[in-house]
file run18.tsv (TSV, C-alpha atoms)
chain	number	residue	atom	x	y	z
I	1	MET	CA	14.77	6.01	11.21
I	2	SER	CA	14.91	4.32	7.84
I	3	VAL	CA	13.71	6.32	4.89
I	4	ALA	CA	14.17	3.47	2.39
I	5	CYS	CA	11.73	1.08	4.08
I	6	ALA	CA	9.11	3.81	4.37
I	7	ARG	CA	9.45	4.64	0.68
I	8	VAL	CA	8.90	1.03	-0.34
I	9	GLU	CA	5.78	0.80	1.82
I	10	GLN	CA	4.53	4.12	0.47
I	11	ALA	CA	4.89	2.92	-3.12
I	12	GLN	CA	2.81	-0.16	-2.34
I	13	LEU	CA	0.14	1.83	-0.53
I	14	TYR	CA	0.06	4.50	-3.25
I	15	GLU	CA	-0.69	1.82	-5.84
I	16	CYS	CA	-3.70	0.76	-3.75
I	17	GLY	CA	-5.00	4.35	-3.70
I	18	TYR	CA	-4.80	4.57	0.10
I	19	ILE	CA	-2.59	7.66	0.18
I	20	ASP	CA	-4.74	9.69	-2.26
I	21	LYS	CA	-7.85	8.78	-0.23
I	22	GLY	CA	-6.22	9.88	3.04
I	23	ILE	CA	-6.45	6.40	4.54
I	24	ILE	CA	-2.68	6.17	5.00
I	25	PRO	CA	-0.35	9.16	5.43
I	26	LYS	CA	2.40	10.00	3.00
I	27	PHE	CA	5.61	9.82	5.04
I	28	SER	CA	9.30	9.14	4.56
I	29	GLY	CA	10.28	9.06	8.22
I	30	CYS	CA	8.88	6.25	10.33
I	31	ASP	CA	8.22	8.52	13.33
I	32	THR	CA	6.07	10.78	11.13
I	33	GLY	CA	3.89	7.78	10.29
I	34	VAL	CA	3.63	6.80	13.97
I	35	ALA	CA	2.60	10.35	14.93
I	36	TRP	CA	-0.07	10.45	12.19
I	37	PHE	CA	-1.70	7.22	13.35
I	38	LYS	CA	-1.54	8.25	17.01
I	39	ASN	CA	-3.08	11.66	16.27
I	40	LYS	CA	-5.93	9.97	14.38
I	41	GLY	CA	-6.56	7.53	17.25
I	42	GLN	CA	-5.56	4.68	14.93
I	43	TRP	CA	-2.70	3.18	16.94
I	44	LEU	CA	-2.24	-0.17	18.70
I	45	ASP	CA	0.53	-0.95	21.18
I	46	GLY	CA	3.15	-3.47	20.06
I	47	ARG	CA	1.79	-6.09	22.48
I	48	SER	CA	-1.54	-6.12	20.63
I	49	THR	CA	-2.62	-8.67	18.04
I	50	PRO	CA	-2.77	-6.95	14.65
I	51	GLU	CA	-4.83	-7.70	11.55
I	52	SER	CA	-3.89	-7.98	7.90
I	53	GLY	CA	-3.36	-4.61	6.26
I	54	MET	CA	-2.14	-2.83	9.39
I	55	ILE	CA	1.14	-0.96	9.29
I	56	ILE	CA	3.77	-2.39	11.65
I	57	PHE	CA	6.42	-0.12	13.17
I	58	PHE	CA	9.61	-1.38	14.79
I	59	ASP	CA	12.04	-0.01	17.39
I	60	TRP	CA	15.32	-1.86	16.86
I	61	PRO	CA	17.78	-1.99	19.77
I	62	ASP	CA	21.00	-0.04	19.24
I	63	GLU	CA	24.48	-1.56	19.48
I	64	ASN	CA	24.15	-1.52	23.31
I	65	GLY	CA	20.80	-3.31	23.23
I	66	VAL	CA	18.86	-0.15	24.13
I	67	GLN	CA	15.60	0.84	22.46
I	68	ASP	CA	14.85	4.56	22.27
I	69	GLY	CA	11.08	4.42	21.74
I	70	SER	CA	11.35	5.79	18.19
I	71	SER	CA	10.46	3.84	15.08
I	72	ASP	CA	13.40	2.61	13.01
I	73	HIS	CA	11.58	0.49	10.45
I	74	VAL	CA	8.12	-0.06	8.96
I	75	GLY	CA	6.30	-2.83	7.12
I	76	ILE	CA	2.82	-4.09	6.26
I	77	VAL	CA	1.09	-6.89	8.15
I	78	GLU	CA	0.34	-9.62	5.64
I	79	LYS	CA	-1.33	-12.04	8.03
I	80	VAL	CA	-1.45	-13.28	11.61
I	81	GLU	CA	-1.53	-16.97	12.41
I	82	GLY	CA	-0.12	-19.40	14.92
I	83	GLY	CA	0.89	-16.62	17.30
I	84	ARG	CA	3.05	-14.91	14.66
I	85	VAL	CA	2.80	-11.69	12.67
I	86	TYR	CA	3.79	-12.13	9.03
I	87	THR	CA	5.00	-8.98	7.31
I	88	ILE	CA	6.13	-7.56	4.01
I	89	GLU	CA	9.02	-5.16	4.52
I	90	GLY	CA	11.08	-3.03	2.18
I	91	ASN	CA	14.79	-2.53	2.84
I	92	SER	CA	14.95	-5.73	4.87
I	93	GLY	CA	18.48	-6.98	4.28
I	94	ASP	CA	18.59	-4.62	1.27
I	95	ALA	CA	15.57	-6.35	-0.27
I	96	CYS	CA	11.79	-6.49	-0.10
I	97	GLU	CA	11.12	-9.56	2.03
I	98	ARG	CA	8.51	-11.45	3.97
I	99	ASN	CA	9.37	-11.80	7.66
I	100	SER	CA	7.62	-13.05	10.77
I	101	TYR	CA	7.73	-12.19	14.45
I	102	PRO	CA	6.03	-13.56	17.53
I	103	ILE	CA	3.01	-11.46	18.53
I	104	GLY	CA	4.22	-9.00	21.19
I	105	ASN	CA	7.88	-9.23	20.13
I	106	TYR	CA	9.91	-6.62	22.00
I	107	GLN	CA	11.04	-5.02	18.72
I	108	ILE	CA	7.47	-4.20	17.63
I	109	LEU	CA	6.74	-0.60	18.64
I	110	GLY	CA	3.13	-0.73	17.49
I	111	TYR	CA	0.67	-0.76	14.64
I	112	GLY	CA	-1.02	1.88	12.54
I	113	THR	CA	-4.63	0.79	12.07
I	114	PRO	CA	-5.92	2.34	8.86
I	115	ASN	CA	-9.64	2.42	8.15
I	116	LEU	CA	-9.49	0.17	5.11
I	117	PHE	CA	-13.08	-1.03	5.05
call {"tool": "encode", "arguments": {"input": "run18.tsv", "output": "structure tokens"}}
result
Amino acid sequence: MSVACARVEQAQLYECGYIDKGIIPKFSGCDTGVAWFKNKGQWLDGRSTPESGMIIFFDWPDENGVQDGSSDHVGIVEKVEGGRVYTIEGNSGDACERNSYPIGNYQILGYGTPNLF
């Protein structure tokens, strides 16, 4: 579980007013964010096609290539096009970066689907 990436995402979401409005949970541990979305019925499996504004959670393989089913990293879905998910992630290579992954990538645990509109 990465606390740094969650803090970066929280700062961005706080600025938008989503945390104060209860649209997005305040969390520092990725698994806490996953649990919140699941409990609210606002969760999509990692094989799903997300939409812009969703919260993407990852389950990185360990040094033996094994995934434990827990979230290790979090980001925000910027857009989806051409079969890829484009994200903005804090603490990605010690920086805030844009990344992309094929839809359904094995490292994507799932998506929090906030009620933004």
call {"tool": "atom_distance", "arguments": {"input": "run18.tsv", "atom1": "atom CA of Trp43 of chain I", "atom2": "atom CA of Gly90 of chain I"}}
result
21.1 Å
call {"tool": "closest_residue", "arguments": {"input": "run18.tsv", "among": "I:Pro102, I:Pro25, I:Gly65, I:Gly33", "to": "Gly82 of chain I", "atoms": "all atoms listed in the file"}}
result
I:Pro102
call {"tool": "atom_distance", "arguments": {"input": "run18.tsv", "atom1": "atom CA of Gly83 of chain I", "atom2": "atom CA of Ile23 of chain I"}}
result
27.3 Å
call {"tool": "residues_near_point", "arguments": {"input": "run18.tsv", "point": "(-3.1, -3.8, 16.0)", "cutoff": "12 Å", "atoms": "all atoms listed in the file", "output": "ChimeraX atom specification"}}
result
/I:37,41-57,76-77,79-80,85,103-104,108-115
call {"tool": "closest_residue", "arguments": {"input": "run18.tsv", "among": "I:Tyr106, I:Tyr101, I:Trp60, I:Trp36", "to": "Ile24 of chain I", "atoms": "all atoms listed in the file"}}
result
I:Trp36
call {"tool": "closest_residue", "arguments": {"input": "run18.tsv", "among": "I:Cys96, I:Cys30, I:Asp62, I:Ala35", "to": "Val74 of chain I", "atoms": "only C-alpha atoms"}}
result
I:Cys30
call {"tool": "closest_residue", "arguments": {"input": "run18.tsv", "among": "I:Arg84, I:Gly29, I:Pro61, I:Ser71", "to": "Asn105 of chain I", "atoms": "all atoms listed in the file"}}
result
I:Arg84
call {"tool": "atom_distance", "arguments": {"input": "run18.tsv", "atom1": "atom CA of His73 of chain I", "atom2": "atom CA of Phe58 of chain I"}}
result
5.1 Å
call {"tool": "closest_residue", "arguments": {"input": "run18.tsv", "among": "I:Asn64, I:Gly75, I:Phe27, I:Lys40", "to": "Glu89 of chain I", "atoms": "only C-alpha atoms"}}
result
I:Gly75
call {"tool": "closest_residue", "arguments": {"input": "run18.tsv", "among": "I:Arg98, I:Ser70, I:Tyr86, I:Glu81", "to": "Thr32 of chain I", "atoms": "all atoms listed in the file"}}
result
I:Ser70
